[in-house]
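Participant: Input file: work_33.pdb. Contents: PDB, C-alpha atoms and all ligand atoms.
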```
ATOM      1  CA  MET A   1     112.307 111.338  64.875  1.00  0.00           C
ATOM      2  CA  ASN A   2     113.422 108.097  66.466  1.00  0.00           C
ATOM      3  CA  THR A   3     112.160 105.588  63.925  1.00  0.00           C
ATOM      4  CA  ASP A   4     113.090 102.689  66.199  1.00  0.00           C
ATOM      5  CA  ILE A   5     110.089 103.623  68.302  1.00  0.00           C
ATOM      6  CA  VAL A   6     107.730 103.057  65.380  1.00  0.00           C
ATOM      7  CA  ALA A   7     109.135  99.586  64.761  1.00  0.00           C
ATOM      8  CA  ASN A   8     109.337  98.779  68.469  1.00  0.00           C
ATOM      9  CA  LEU A   9     105.684  99.641  69.001  1.00  0.00           C
ATOM     10  CA  GLU A  10     104.671  97.373  66.146  1.00  0.00           C
ATOM     11  CA  GLU A  11     106.825  94.605  67.591  1.00  0.00           C
ATOM     12  CA  VAL A  12     105.352  94.949  71.100  1.00  0.00           C
ATOM     13  CA  LYS A  13     101.820  94.916  69.700  1.00  0.00           C
ATOM     14  CA  SER A  14     102.518  91.804  67.686  1.00  0.00           C
ATOM     15  CA  GLN A  15     104.006  90.158  70.783  1.00  0.00           C
ATOM     16  CA  ILE A  16     100.829  90.997  72.684  1.00  0.00           C
ATOM     17  CA  GLU A  17      98.793  89.420  69.884  1.00  0.00           C
ATOM     18  CA  SER A  18     100.789  86.220  69.940  1.00  0.00           C
ATOM     19  CA  ILE A  19     100.837  85.907  73.742  1.00  0.00           C
ATOM     20  CA  CYS A  20      97.073  86.466  73.799  1.00  0.00           C
ATOM     21  CA  SER A  21      96.373  83.914  71.132  1.00  0.00           C
ATOM     22  CA  LYS A  22      98.452  81.331  73.015  1.00  0.00           C
ATOM     23  CA  CYS A  23      96.434  81.819  76.194  1.00  0.00           C
ATOM     24  CA  ASN A  24      93.066  82.299  74.499  1.00  0.00           C
ATOM     25  CA  ARG A  25      92.612  85.920  75.397  1.00  0.00           C
ATOM     26  CA  SER A  26      91.592  88.766  73.168  1.00  0.00           C
ATOM     27  CA  SER A  27      94.249  91.448  72.761  1.00  0.00           C
ATOM     28  CA  GLU A  28      91.433  93.953  73.099  1.00  0.00           C
ATOM     29  CA  GLU A  29      91.431  93.171  76.806  1.00  0.00           C
ATOM     30  CA  ILE A  30      94.963  94.515  77.129  1.00  0.00           C
ATOM     31  CA  THR A  31      95.792  98.206  77.413  1.00  0.00           C
ATOM     32  CA  LEU A  32      99.395  98.937  76.523  1.00  0.00           C
ATOM     33  CA  ILE A  33     100.787 101.790  78.583  1.00  0.00           C
ATOM     34  CA  ALA A  34     103.982 103.219  77.133  1.00  0.00           C
ATOM     35  CA  ILE A  35     106.290 104.137  79.995  1.00  0.00           C
ATOM     36  CA  SER A  36     108.225 107.154  78.786  1.00  0.00           C
ATOM     37  CA  LYS A  37     110.236 107.959  81.915  1.00  0.00           C
ATOM     38  CA  MET A  38     113.619 109.517  81.215  1.00  0.00           C
ATOM     39  CA  LYS A  39     112.789 109.820  77.544  1.00  0.00           C
ATOM     40  CA  PRO A  40     112.176 113.123  75.760  1.00  0.00           C
ATOM     41  CA  VAL A  41     108.757 114.445  74.822  1.00  0.00           C
ATOM     42  CA  GLU A  42     109.610 114.060  71.134  1.00  0.00           C
ATOM     43  CA  ASP A  43     109.725 110.297  71.682  1.00  0.00           C
ATOM     44  CA  ILE A  44     106.243 110.457  73.179  1.00  0.00           C
ATOM     45  CA  ARG A  45     105.104 112.463  70.156  1.00  0.00           C
ATOM     46  CA  THR A  46     106.495 109.822  67.818  1.00  0.00           C
ATOM     47  CA  ALA A  47     104.557 107.110  69.622  1.00  0.00           C
ATOM     48  CA  LEU A  48     101.454 109.310  69.695  1.00  0.00           C
ATOM     49  CA  GLU A  49     101.620 109.715  65.921  1.00  0.00           C
ATOM     50  CA  CYS A  50     101.572 105.905  65.704  1.00  0.00           C
ATOM     51  CA  GLY A  51      98.289 105.885  67.602  1.00  0.00           C
ATOM     52  CA  GLN A  52      99.659 105.160  71.079  1.00  0.00           C
ATOM     53  CA  VAL A  53      97.691 107.321  73.523  1.00  0.00           C
ATOM     54  CA  GLU A  54      98.362 105.809  76.956  1.00  0.00           C
ATOM     55  CA  PHE A  55     101.593 107.041  78.518  1.00  0.00           C
ATOM     56  CA  GLY A  56     103.031 106.517  81.971  1.00  0.00           C
ATOM     57  CA  GLU A  57     105.649 108.180  84.123  1.00  0.00           C
ATOM     58  CA  ASN A  58     107.032 107.268  87.531  1.00  0.00           C
ATOM     59  CA  LYS A  59     107.888 110.702  88.919  1.00  0.00           C
ATOM     60  CA  VAL A  60     105.412 113.511  89.488  1.00  0.00           C
ATOM     61  CA  GLN A  61     107.815 116.245  88.459  1.00  0.00           C
ATOM     62  CA  GLU A  62     108.685 114.583  85.181  1.00  0.00           C
ATOM     63  CA  LEU A  63     105.026 113.782  84.554  1.00  0.00           C
ATOM     64  CA  THR A  64     103.834 117.342  85.120  1.00  0.00           C
ATOM     65  CA  GLY A  65     106.640 118.727  82.948  1.00  0.00           C
ATOM     66  CA  LYS A  66     105.660 116.444  80.092  1.00  0.00           C
ATOM     67  CA  MET A  67     101.942 117.104  80.535  1.00  0.00           C
ATOM     68  CA  GLU A  68     102.669 120.802  80.094  1.00  0.00           C
ATOM     69  CA  GLU A  69     104.972 120.312  77.140  1.00  0.00           C
ATOM     70  CA  LEU A  70     102.492 118.053  75.430  1.00  0.00           C
ATOM     71  CA  PRO A  71      99.010 119.436  76.071  1.00  0.00           C
ATOM     72  CA  ASP A  72      97.442 117.043  73.596  1.00  0.00           C
ATOM     73  CA  GLU A  73      93.953 115.952  74.633  1.00  0.00           C
ATOM     74  CA  ARG A  74      94.394 112.563  73.009  1.00  0.00           C
ATOM     75  CA  VAL A  75      96.944 111.551  75.630  1.00  0.00           C
ATOM     76  CA  SER A  76      95.845 109.597  78.666  1.00  0.00           C
ATOM     77  CA  TRP A  77      98.464 110.076  81.398  1.00  0.00           C
ATOM     78  CA  HIS A  78      99.270 107.410  83.979  1.00  0.00           C
ATOM     79  CA  MET A  79     101.253 107.922  87.152  1.00  0.00           C
ATOM     80  CA  VAL A  80     102.838 104.559  87.900  1.00  0.00           C
ATOM     81  CA  GLY A  81     105.663 105.317  90.330  1.00  0.00           C
ATOM     82  CA  GLN A  82     105.968 105.508  94.068  1.00  0.00           C
ATOM     83  CA  LEU A  83     103.530 108.095  95.288  1.00  0.00           C
ATOM     84  CA  GLN A  84     104.445 110.964  97.575  1.00  0.00           C
ATOM     85  CA  THR A  85     101.231 112.251  99.056  1.00  0.00           C
ATOM     86  CA  ASN A  86     102.386 115.867  99.114  1.00  0.00           C
ATOM     87  CA  LYS A  87     102.934 115.844  95.346  1.00  0.00           C
ATOM     88  CA  ILE A  88      99.484 114.643  94.339  1.00  0.00           C
ATOM     89  CA  LYS A  89      98.270 118.229  94.001  1.00  0.00           C
ATOM     90  CA  TYR A  90     100.711 118.987  91.199  1.00  0.00           C
ATOM     91  CA  MET A  91      99.310 116.429  88.781  1.00  0.00           C
ATOM     92  CA  ILE A  92      95.647 116.360  89.746  1.00  0.00           C
ATOM     93  CA  ASP A  93      94.485 118.773  87.016  1.00  0.00           C
ATOM     94  CA  ARG A  94      95.543 116.473  84.222  1.00  0.00           C
ATOM     95  CA  VAL A  95      96.496 112.949  85.276  1.00  0.00           C
ATOM     96  CA  ASN A  96      93.974 110.283  84.196  1.00  0.00           C
ATOM     97  CA  TRP A  97      95.148 107.237  86.143  1.00  0.00           C
ATOM     98  CA  ILE A  98      97.154 106.793  89.327  1.00  0.00           C
ATOM     99  CA  HIS A  99      98.369 103.179  89.549  1.00  0.00           C
ATOM    100  CA  SER A 100     100.397 103.287  92.683  1.00  0.00           C
ATOM    101  CA  VAL A 101      98.125 104.137  95.582  1.00  0.00           C
ATOM    102  CA  PRO A 102      99.327 102.229  98.641  1.00  0.00           C
ATOM    103  CA  LYS A 103      97.404 103.708 101.565  1.00  0.00           C
ATOM    104  CA  LYS A 104      94.400 105.533 102.922  1.00  0.00           C
ATOM    105  CA  LYS A 105      96.270 108.791 103.341  1.00  0.00           C
ATOM    106  CA  ALA A 106      96.932 108.922  99.598  1.00  0.00           C
ATOM    107  CA  LEU A 107      93.300 108.073  98.765  1.00  0.00           C
ATOM    108  CA  LYS A 108      92.153 110.830 101.060  1.00  0.00           C
ATOM    109  CA  GLU A 109      94.498 113.378  99.472  1.00  0.00           C
ATOM    110  CA  ILE A 110      93.481 112.389  95.924  1.00  0.00           C
ATOM    111  CA  GLU A 111      89.814 112.763  96.900  1.00  0.00           C
ATOM    112  CA  LYS A 112      90.414 116.208  98.368  1.00  0.00           C
ATOM    113  CA  ARG A 113      92.436 117.496  95.415  1.00  0.00           C
ATOM    114  CA  ALA A 114      90.211 115.922  92.788  1.00  0.00           C
ATOM    115  CA  GLU A 115      87.143 117.450  94.369  1.00  0.00           C
ATOM    116  CA  ALA A 116      88.790 120.886  94.284  1.00  0.00           C
ATOM    117  CA  ALA A 117      89.704 120.323  90.634  1.00  0.00           C
ATOM    118  CA  GLY A 118      86.221 119.027  89.845  1.00  0.00           C
ATOM    119  CA  ARG A 119      87.477 115.830  88.230  1.00  0.00           C
ATOM    120  CA  GLN A 120      87.218 112.140  88.829  1.00  0.00           C
ATOM    121  CA  ILE A 121      90.478 110.216  88.928  1.00  0.00           C
ATOM    122  CA  ASN A 122      90.914 106.544  88.095  1.00  0.00           C
ATOM    123  CA  VAL A 123      92.962 104.834  90.734  1.00  0.00           C
ATOM    124  CA  LEU A 124      94.532 101.422  91.213  1.00  0.00           C
ATOM    125  CA  ILE A 125      95.566 100.123  94.596  1.00  0.00           C
ATOM    126  CA  GLN A 126      99.165  98.968  94.538  1.00  0.00           C
ATOM    127  CA  VAL A 127      99.646  95.727  96.412  1.00  0.00           C
ATOM    128  CA  ASN A 128     102.974  94.464  97.667  1.00  0.00           C
ATOM    129  CA  ILE A 129     103.079  91.111  95.882  1.00  0.00           C
ATOM    130  CA  SER A 130     106.829  90.609  96.012  1.00  0.00           C
ATOM    131  CA  GLY A 131     107.051  90.563  99.783  1.00  0.00           C
ATOM    132  CA  GLU A 132     110.079  92.832  99.536  1.00  0.00           C
ATOM    133  CA  ASP A 133     110.133  95.696 101.993  1.00  0.00           C
ATOM    134  CA  GLN A 134     111.516  98.276  99.625  1.00  0.00           C
ATOM    135  CA  LYS A 135     108.686  97.917  97.150  1.00  0.00           C
ATOM    136  CA  SER A 136     105.734 100.084  97.959  1.00  0.00           C
ATOM    137  CA  GLY A 137     102.185  98.880  98.002  1.00  0.00           C
ATOM    138  CA  CYS A 138      99.761  97.797 100.669  1.00  0.00           C
ATOM    139  CA  GLU A 139     100.049  94.372 102.218  1.00  0.00           C
ATOM    140  CA  PRO A 140      97.442  91.937 100.866  1.00  0.00           C
ATOM    141  CA  GLU A 141      95.760  91.776 104.287  1.00  0.00           C
ATOM    142  CA  ALA A 142      95.285  95.552 104.306  1.00  0.00           C
ATOM    143  CA  LEU A 143      93.424  95.590 101.008  1.00  0.00           C
ATOM    144  CA  PRO A 144      89.831  95.137 102.285  1.00  0.00           C
ATOM    145  CA  GLU A 145      90.170  98.078 104.634  1.00  0.00           C
ATOM    146  CA  LEU A 146      91.412 100.308 101.819  1.00  0.00           C
ATOM    147  CA  LEU A 147      88.629  99.203  99.496  1.00  0.00           C
ATOM    148  CA  ASP A 148      86.026  99.789 102.200  1.00  0.00           C
ATOM    149  CA  TYR A 149      87.362 103.286 102.678  1.00  0.00           C
ATOM    150  CA  ALA A 150      87.330 103.982  98.923  1.00  0.00           C
ATOM    151  CA  ARG A 151      83.663 103.046  98.818  1.00  0.00           C
ATOM    152  CA  GLY A 152      82.792 106.333 100.460  1.00  0.00           C
ATOM    153  CA  LEU A 153      84.725 108.510  98.027  1.00  0.00           C
ATOM    154  CA  LYS A 154      83.170 110.537  95.220  1.00  0.00           C
ATOM    155  CA  TYR A 155      86.077 111.674  93.100  1.00  0.00           C
ATOM    156  CA  VAL A 156      88.336 108.662  93.460  1.00  0.00           C
ATOM    157  CA  ARG A 157      87.294 105.724  91.335  1.00  0.00           C
ATOM    158  CA  VAL A 158      89.137 102.564  92.275  1.00  0.00           C
ATOM    159  CA  ARG A 159      89.306 100.505  89.095  1.00  0.00           C
ATOM    160  CA  GLY A 160      91.639  97.676  90.034  1.00  0.00           C
ATOM    161  CA  LEU A 161      94.953  96.559  91.449  1.00  0.00           C
ATOM    162  CA  MET A 162      98.553  97.117  90.471  1.00  0.00           C
ATOM    163  CA  GLY A 163     101.598  95.073  91.328  1.00  0.00           C
ATOM    164  CA  MET A 164     105.274  94.743  90.571  1.00  0.00           C
ATOM    165  CA  ALA A 165     106.943  91.369  90.657  1.00  0.00           C
ATOM    166  CA  THR A 166     110.350  90.778  92.202  1.00  0.00           C
ATOM    167  CA  LEU A 167     113.201  91.633  89.871  1.00  0.00           C
ATOM    168  CA  THR A 168     114.395  88.095  89.240  1.00  0.00           C
ATOM    169  CA  ASP A 169     115.048  85.627  86.431  1.00  0.00           C
ATOM    170  CA  ASP A 170     112.931  83.079  88.259  1.00  0.00           C
ATOM    171  CA  ARG A 171     109.859  83.056  86.047  1.00  0.00           C
ATOM    172  CA  ASP A 172     107.941  80.725  88.350  1.00  0.00           C
ATOM    173  CA  GLN A 173     108.329  83.205  91.157  1.00  0.00           C
ATOM    174  CA  ILE A 174     107.160  86.089  88.949  1.00  0.00           C
ATOM    175  CA  ARG A 175     104.182  83.985  87.892  1.00  0.00           C
ATOM    176  CA  SER A 176     103.180  83.168  91.445  1.00  0.00           C
ATOM    177  CA  GLU A 177     103.337  86.851  92.395  1.00  0.00           C
ATOM    178  CA  PHE A 178     101.108  87.878  89.482  1.00  0.00           C
ATOM    179  CA  ALA A 179      98.768  84.990  90.302  1.00  0.00           C
ATOM    180  CA  LEU A 180      98.488  86.355  93.831  1.00  0.00           C
ATOM    181  CA  LEU A 181      97.403  89.761  92.525  1.00  0.00           C
ATOM    182  CA  ARG A 182      94.796  88.148  90.364  1.00  0.00           C
ATOM    183  CA  LYS A 183      93.559  86.028  93.237  1.00  0.00           C
ATOM    184  CA  LEU A 184      93.154  89.130  95.405  1.00  0.00           C
ATOM    185  CA  ARG A 185      91.265  90.886  92.645  1.00  0.00           C
ATOM    186  CA  ASP A 186      88.974  87.897  92.112  1.00  0.00           C
ATOM    187  CA  GLN A 187      88.388  87.524  95.856  1.00  0.00           C
ATOM    188  CA  HIS A 188      87.205  91.093  96.301  1.00  0.00           C
ATOM    189  CA  LYS A 189      85.659  91.752  92.922  1.00  0.00           C
ATOM    190  CA  ASP A 190      82.074  90.807  93.719  1.00  0.00           C
ATOM    191  CA  ALA A 191      82.069  92.346  97.180  1.00  0.00           C
ATOM    192  CA  TYR A 192      82.262  95.848  95.753  1.00  0.00           C
ATOM    193  CA  ASP A 193      80.192  97.966  93.455  1.00  0.00           C
ATOM    194  CA  GLU A 194      80.629 101.481  92.040  1.00  0.00           C
ATOM    195  CA  PRO A 195      82.709 103.471  92.731  1.00  0.00           C
ATOM    196  CA  VAL A 196      84.985 100.542  93.560  1.00  0.00           C
ATOM    197  CA  LYS A 197      85.139  98.327  90.523  1.00  0.00           C
ATOM    198  CA  LEU A 198      87.991  95.844  90.405  1.00  0.00           C
ATOM    199  CA  GLU A 199      88.081  95.353  86.649  1.00  0.00           C
ATOM    200  CA  HIS A 200      91.769  96.037  86.044  1.00  0.00           C
ATOM    201  CA  LEU A 201      95.028  94.318  86.827  1.00  0.00           C
ATOM    202  CA  SER A 202      98.055  96.459  86.041  1.00  0.00           C
ATOM    203  CA  MET A 203     100.997  94.105  85.962  1.00  0.00           C
ATOM    204  CA  GLY A 204     103.869  93.216  83.647  1.00  0.00           C
ATOM    205  CA  MET A 205     106.749  95.224  82.220  1.00  0.00           C
ATOM    206  CA  THR A 206     109.142  94.644  79.337  1.00  0.00           C
ATOM    207  CA  HIS A 207     110.722  91.492  80.762  1.00  0.00           C
ATOM    208  CA  ASP A 208     107.624  89.869  82.250  1.00  0.00           C
ATOM    209  CA  MET A 209     104.651  91.078  80.187  1.00  0.00           C
ATOM    210  CA  ASP A 210     104.138  87.607  78.724  1.00  0.00           C
ATOM    211  CA  ILE A 211     103.706  86.062  82.170  1.00  0.00           C
ATOM    212  CA  ALA A 212     101.492  88.956  83.249  1.00  0.00           C
ATOM    213  CA  ILE A 213      99.161  88.542  80.276  1.00  0.00           C
ATOM    214  CA  GLU A 214      98.949  84.795  80.878  1.00  0.00           C
ATOM    215  CA  GLU A 215      98.019  85.535  84.499  1.00  0.00           C
ATOM    216  CA  GLY A 216      95.257  87.989  83.588  1.00  0.00           C
ATOM    217  CA  ALA A 217      96.793  91.457  83.211  1.00  0.00           C
ATOM    218  CA  THR A 218      94.522  94.038  81.601  1.00  0.00           C
ATOM    219  CA  MET A 219      97.124  96.808  81.657  1.00  0.00           C
ATOM    220  CA  ILE A 220     100.786  96.292  80.932  1.00  0.00           C
ATOM    221  CA  ARG A 221     103.396  98.978  81.545  1.00  0.00           C
ATOM    222  CA  VAL A 222     106.119  98.766  78.939  1.00  0.00           C
ATOM    223  CA  GLY A 223     109.062 101.160  78.689  1.00  0.00           C
ATOM    224  CA  THR A 224     112.298  99.645  77.420  1.00  0.00           C
ATOM    225  CA  ALA A 225     110.768  97.538  74.648  1.00  0.00           C
ATOM    226  CA  ILE A 226     109.201 100.679  73.148  1.00  0.00           C
ATOM    227  CA  PHE A 227     111.610 103.517  73.864  1.00  0.00           C
ATOM    228  CA  GLY A 228     114.879 101.607  74.249  1.00  0.00           C
ATOM    229  CA  VAL A 229     117.119 101.210  77.271  1.00  0.00           C
ATOM    230  CA  ARG A 230     117.426 104.029  79.772  1.00  0.00           C
ATOM    231  CA  ASP A 231     120.736 105.279  81.127  1.00  0.00           C
ATOM    232  CA  TYR A 232     119.665 104.420  84.654  1.00  0.00           C
ATOM    233  CA  GLN A 233     116.423 103.513  86.430  1.00  0.00           C
TER     234      GLN A 233
HETATM  235  C1  LIG B 301     109.893 101.824  84.536  1.00  0.00           C
HETATM  236  C2  LIG B 301     108.636 101.199  84.929  1.00  0.00           C
HETATM  237  C3  LIG B 301     107.975 100.306  84.064  1.00  0.00           C
HETATM  238  C4  LIG B 301     108.520  99.905  82.696  1.00  0.00           C
HETATM  239  O1  LIG B 301     109.686  99.164  82.823  1.00  0.00           O
HETATM  240  P1  LIG B 301     110.406  98.522  81.535  1.00  0.00           P
HETATM  241  O2  LIG B 301     111.205  97.416  82.112  1.00  0.00           O
HETATM  242  O3  LIG B 301     111.252  99.598  80.948  1.00  0.00           O
HETATM  243  O4  LIG B 301     109.363  98.054  80.618  1.00  0.00           O
HETATM  244  C5  LIG B 301     106.777  99.768  84.491  1.00  0.00           C
HETATM  245  N1  LIG B 301     106.237 100.091  85.683  1.00  0.00           N
HETATM  246  C6  LIG B 301     106.834 100.946  86.533  1.00  0.00           C
HETATM  247  C7  LIG B 301     106.174 101.244  87.832  1.00  0.00           C
HETATM  248  C8  LIG B 301     108.052 101.526  86.190  1.00  0.00           C
HETATM  249  O5  LIG B 301     108.636 102.357  87.046  1.00  0.00           O
END
```
Kindly present the structure from the file in structure tokens form.
Ligand SMILES: *Cc1c(COP(=O)(O)O)cnc(C)c1O
Facilitator:
Amino acid sequence: MNTDIVANLEEVKSQIESICSKCNRSSEEITLIAISKMKPVEDIRTALECGQVEFGENKVQELTGKMEELPDERVSWHMVGQLQTNKIKYMIDRVNWIHSVPKKKALKEIEKRAEAAGRQINVLIQVNISGEDQKSGCEPEALPELLDYARGLKYVRVRGLMGMATLTDDRDQIRSEFALLRKLRDQHKDAYDEPVKLEHLSMGMTHDMDIAIEEGATMIRVGTAIFGVRDYQ
């Protein structure tokens, strides 16, 4: 057992507490998603034994492999990586949240597969907040159209927005990108009702979770600070 994980989890939780108290938020508003990509299932088990139940992966193949290896009902699985529409079917039986839905085609495929599986799937729309071409996510202007489309779906439940900030040391830039995601969420929040409910903002990773929480994140996706550095991304 990797005992570092036990200590790391405690440390991350206490960081969340202190960031929240500084910005007058309750830590109960924040869901910590442990991103276990490229780490073995035994590391996930260690975290699970510490009470961590939300886990995220960024590749469908790795996610489905781990879901099979660890068929524990306590685990809530999150797909957070770039989404290939043709792979949605492989995870639909078990995945609980898909954070990275960038377009109508993906919503349509999730609806179709979820209906066949007889399950409802929680979805976040990924928005391109960094302005970088290589990052996936819909453009902010395209968001209303996607949300309108999602309104008509029965098995897809849009629960919020997800964004990734530019990989930079410029904390002001990161902050303004997270603030944009929050602004978009606030703008559209009241215009929609079930099944589109914009209650969540998934933003912030190991290096920028403090800024994300200050800017209103309700879900943070933390890998390195819990499981240690990865050999490559
Ligand atoms: C890897 C990854 C994370 C976690 O990154 P860390 O820097 O290790 O905390 C969060 N979100 C996504 C989409 C990722 O791919």
Participant: Please evaluate the PyMOL selection byres (((chain A and resi 8) around 10) and not hetatm) against the displayed coordinates and give the resulting residues as a list in words.
Facilitator: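 This file, filtered by the PyMOL selection byres (((chain A and resi 8) around 10) and not hetatm), leaves Thr3, Asp4, Ile5, Val6, Ala7, Leu9, Glu10, Glu11, Val12, Lys13, Ser14, Ala47, Thr224, Ala225, Ile226, Phe227 and Gly228 of chain A.
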Participant: Which distance in Å separates atom CA of A:His78 and atom CA of A:Arg45, to one decimal?
Facilitator: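 Between atom CA of A:His78 and atom CA of A:Arg45 the gap is 15.8 Å.
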Participant: Write out as JSON lines the residues of chain A that have any atom within 10 Å of an atom of ligand LIG 301 (chain B), one row each with the nearest atom pair and its distance in Å to one decimal, counting all atoms listed in the file, sorted by chain and then rising number.
Facilitator:
```
{"residue": "A:Ile33", "atom": "CA", "partner": "B:LIG301", "partner_atom": "C5", "distance": 8.7}
{"residue": "A:Ala34", "atom": "CA", "partner": "B:LIG301", "partner_atom": "C4", "distance": 7.9}
{"residue": "A:Ile35", "atom": "CA", "partner": "B:LIG301", "partner_atom": "C4", "distance": 5.5}
{"residue": "A:Ser36", "atom": "CA", "partner": "B:LIG301", "partner_atom": "C1", "distance": 8.0}
{"residue": "A:Lys37", "atom": "CA", "partner": "B:LIG301", "partner_atom": "C1", "distance": 6.7}
{"residue": "A:Met38", "atom": "CA", "partner": "B:LIG301", "partner_atom": "C1", "distance": 9.2}
{"residue": "A:Gly56", "atom": "CA", "partner": "B:LIG301", "partner_atom": "N1", "distance": 8.1}
{"residue": "A:Glu57", "atom": "CA", "partner": "B:LIG301", "partner_atom": "O5", "distance": 7.2}
{"residue": "A:Asn58", "atom": "CA", "partner": "B:LIG301", "partner_atom": "O5", "distance": 5.2}
{"residue": "A:Lys59", "atom": "CA", "partner": "B:LIG301", "partner_atom": "O5", "distance": 8.6}
{"residue": "A:Met79", "atom": "CA", "partner": "B:LIG301", "partner_atom": "C7", "distance": 8.3}
{"residue": "A:Val80", "atom": "CA", "partner": "B:LIG301", "partner_atom": "C7", "distance": 4.7}
{"residue": "A:Gly81", "atom": "CA", "partner": "B:LIG301", "partner_atom": "C7", "distance": 4.8}
{"residue": "A:Gln82", "atom": "CA", "partner": "B:LIG301", "partner_atom": "C7", "distance": 7.6}
{"residue": "A:His99", "atom": "CA", "partner": "B:LIG301", "partner_atom": "C7", "distance": 8.2}
{"residue": "A:Ser100", "atom": "CA", "partner": "B:LIG301", "partner_atom": "C7", "distance": 7.8}
{"residue": "A:Gln126", "atom": "CA", "partner": "B:LIG301", "partner_atom": "C7", "distance": 10.0}
{"residue": "A:Met162", "atom": "CA", "partner": "B:LIG301", "partner_atom": "C7", "distance": 9.1}
{"residue": "A:Gly163", "atom": "CA", "partner": "B:LIG301", "partner_atom": "C7", "distance": 8.4}
{"residue": "A:Met164", "atom": "CA", "partner": "B:LIG301", "partner_atom": "C7", "distance": 7.1}
{"residue": "A:Leu167", "atom": "CA", "partner": "B:LIG301", "partner_atom": "O2", "distance": 9.9}
{"residue": "A:Ser202", "atom": "CA", "partner": "B:LIG301", "partner_atom": "N1", "distance": 9.0}
{"residue": "A:Met203", "atom": "CA", "partner": "B:LIG301", "partner_atom": "N1", "distance": 8.0}
{"residue": "A:Gly204", "atom": "CA", "partner": "B:LIG301", "partner_atom": "C5", "distance": 7.2}
{"residue": "A:Met205", "atom": "CA", "partner": "B:LIG301", "partner_atom": "O4", "distance": 4.2}
{"residue": "A:Thr206", "atom": "CA", "partner": "B:LIG301", "partner_atom": "O4", "distance": 3.6}
{"residue": "A:His207", "atom": "CA", "partner": "B:LIG301", "partner_atom": "O2", "distance": 6.1}
{"residue": "A:Asp208", "atom": "CA", "partner": "B:LIG301", "partner_atom": "O2", "distance": 8.4}
{"residue": "A:Met209", "atom": "CA", "partner": "B:LIG301", "partner_atom": "O4", "distance": 8.4}
{"residue": "A:Ile220", "atom": "CA", "partner": "B:LIG301", "partner_atom": "C5", "distance": 7.8}
{"residue": "A:Arg221", "atom": "CA", "partner": "B:LIG301", "partner_atom": "C5", "distance": 4.6}
{"residue": "A:Val222", "atom": "CA", "partner": "B:LIG301", "partner_atom": "O4", "distance": 3.7}
{"residue": "A:Gly223", "atom": "CA", "partner": "B:LIG301", "partner_atom": "O3", "distance": 3.5}
{"residue": "A:Thr224", "atom": "CA", "partner": "B:LIG301", "partner_atom": "O3", "distance": 3.7}
{"residue": "A:Ala225", "atom": "CA", "partner": "B:LIG301", "partner_atom": "O4", "distance": 6.2}
{"residue": "A:Ile226", "atom": "CA", "partner": "B:LIG301", "partner_atom": "O4", "distance": 7.9}
{"residue": "A:Phe227", "atom": "CA", "partner": "B:LIG301", "partner_atom": "O3", "distance": 8.1}
{"residue": "A:Gly228", "atom": "CA", "partner": "B:LIG301", "partner_atom": "O3", "distance": 7.9}
{"residue": "A:Val229", "atom": "CA", "partner": "B:LIG301", "partner_atom": "O3", "distance": 7.1}
{"residue": "A:Arg230", "atom": "CA", "partner": "B:LIG301", "partner_atom": "O3", "distance": 7.7}
{"residue": "A:Gln233", "atom": "CA", "partner": "B:LIG301", "partner_atom": "C1", "distance": 7.0}
```
Participant: Between atom CA of A:Met91 and atom CA of A:Arg182, what distance in Å does the model show, to one decimal?
Facilitator: 28.7 Å
Participant: Residues at most 8 Å from A:Lys104, counting all atoms listed in the file, excluding those fewer than 3 positions away in the same chain, as a CSV table (one decimal) with C-alpha atoms, keeping the file's coordinate frame?
Facilitator:
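Listing of part-v3.csv after writing:
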```
chain,number,residue,atom,x,y,z
A,107,LEU,CA,93.3,108.1,98.8
A,108,LYS,CA,92.2,110.8,101.1
A,146,LEU,CA,91.4,100.3,101.8
A,149,TYR,CA,87.4,103.3,102.7
```
Participant: Name the residues that the PyMOL selection byres (((chain A and resi 193) around 12) and not hetatm) picks from the file above, as a ChimeraX atom specification, using the file's chain letters and numbers.
Facilitator: /A:147-148,150-152,157-160,188-192,194-199
Participant: Which value, in Å to one decimal, gives the distance between atom CA of A:Gly51 and atom CA of A:Ile92?
Facilitator: 24.6 Å
Participant: Is it possible to add N, CA and C atoms to stretch 14-20 of chain A and hand it back as a JSON list (two decimals), keeping the file's coordinate frame?
Facilitator:
```
[["chain", "number", "residue", "atom", "x", "y", "z"],
["A", 14, "SER", "N", 102.65, 93.14, 68.26],
["A", 14, "SER", "CA", 102.52, 91.80, 67.69],
["A", 14, "SER", "C", 102.86, 90.74, 68.74],
["A", 15, "GLN", "N", 103.76, 91.08, 69.66],
["A", 15, "GLN", "CA", 104.01, 90.16, 70.78],
["A", 15, "GLN", "C", 102.74, 89.98, 71.63],
["A", 16, "ILE", "N", 102.06, 91.09, 71.89],
["A", 16, "ILE", "CA", 100.83, 91.00, 72.68],
["A", 16, "ILE", "C", 99.83, 90.09, 71.98],
["A", 17, "GLU", "N", 99.70, 90.28, 70.67],
["A", 17, "GLU", "CA", 98.79, 89.42, 69.88],
["A", 17, "GLU", "C", 99.15, 87.95, 70.06],
["A", 18, "SER", "N", 100.43, 87.64, 69.93],
["A", 18, "SER", "CA", 100.79, 86.22, 69.94],
["A", 18, "SER", "C", 100.67, 85.62, 71.35],
["A", 19, "ILE", "N", 101.01, 86.41, 72.37],
["A", 19, "ILE", "CA", 100.84, 85.91, 73.74],
["A", 19, "ILE", "C", 99.35, 85.65, 74.01],
["A", 20, "CYS", "N", 98.52, 86.61, 73.58],
["A", 20, "CYS", "CA", 97.07, 86.47, 73.80],
["A", 20, "CYS", "C", 96.52, 85.25, 73.08]]
```
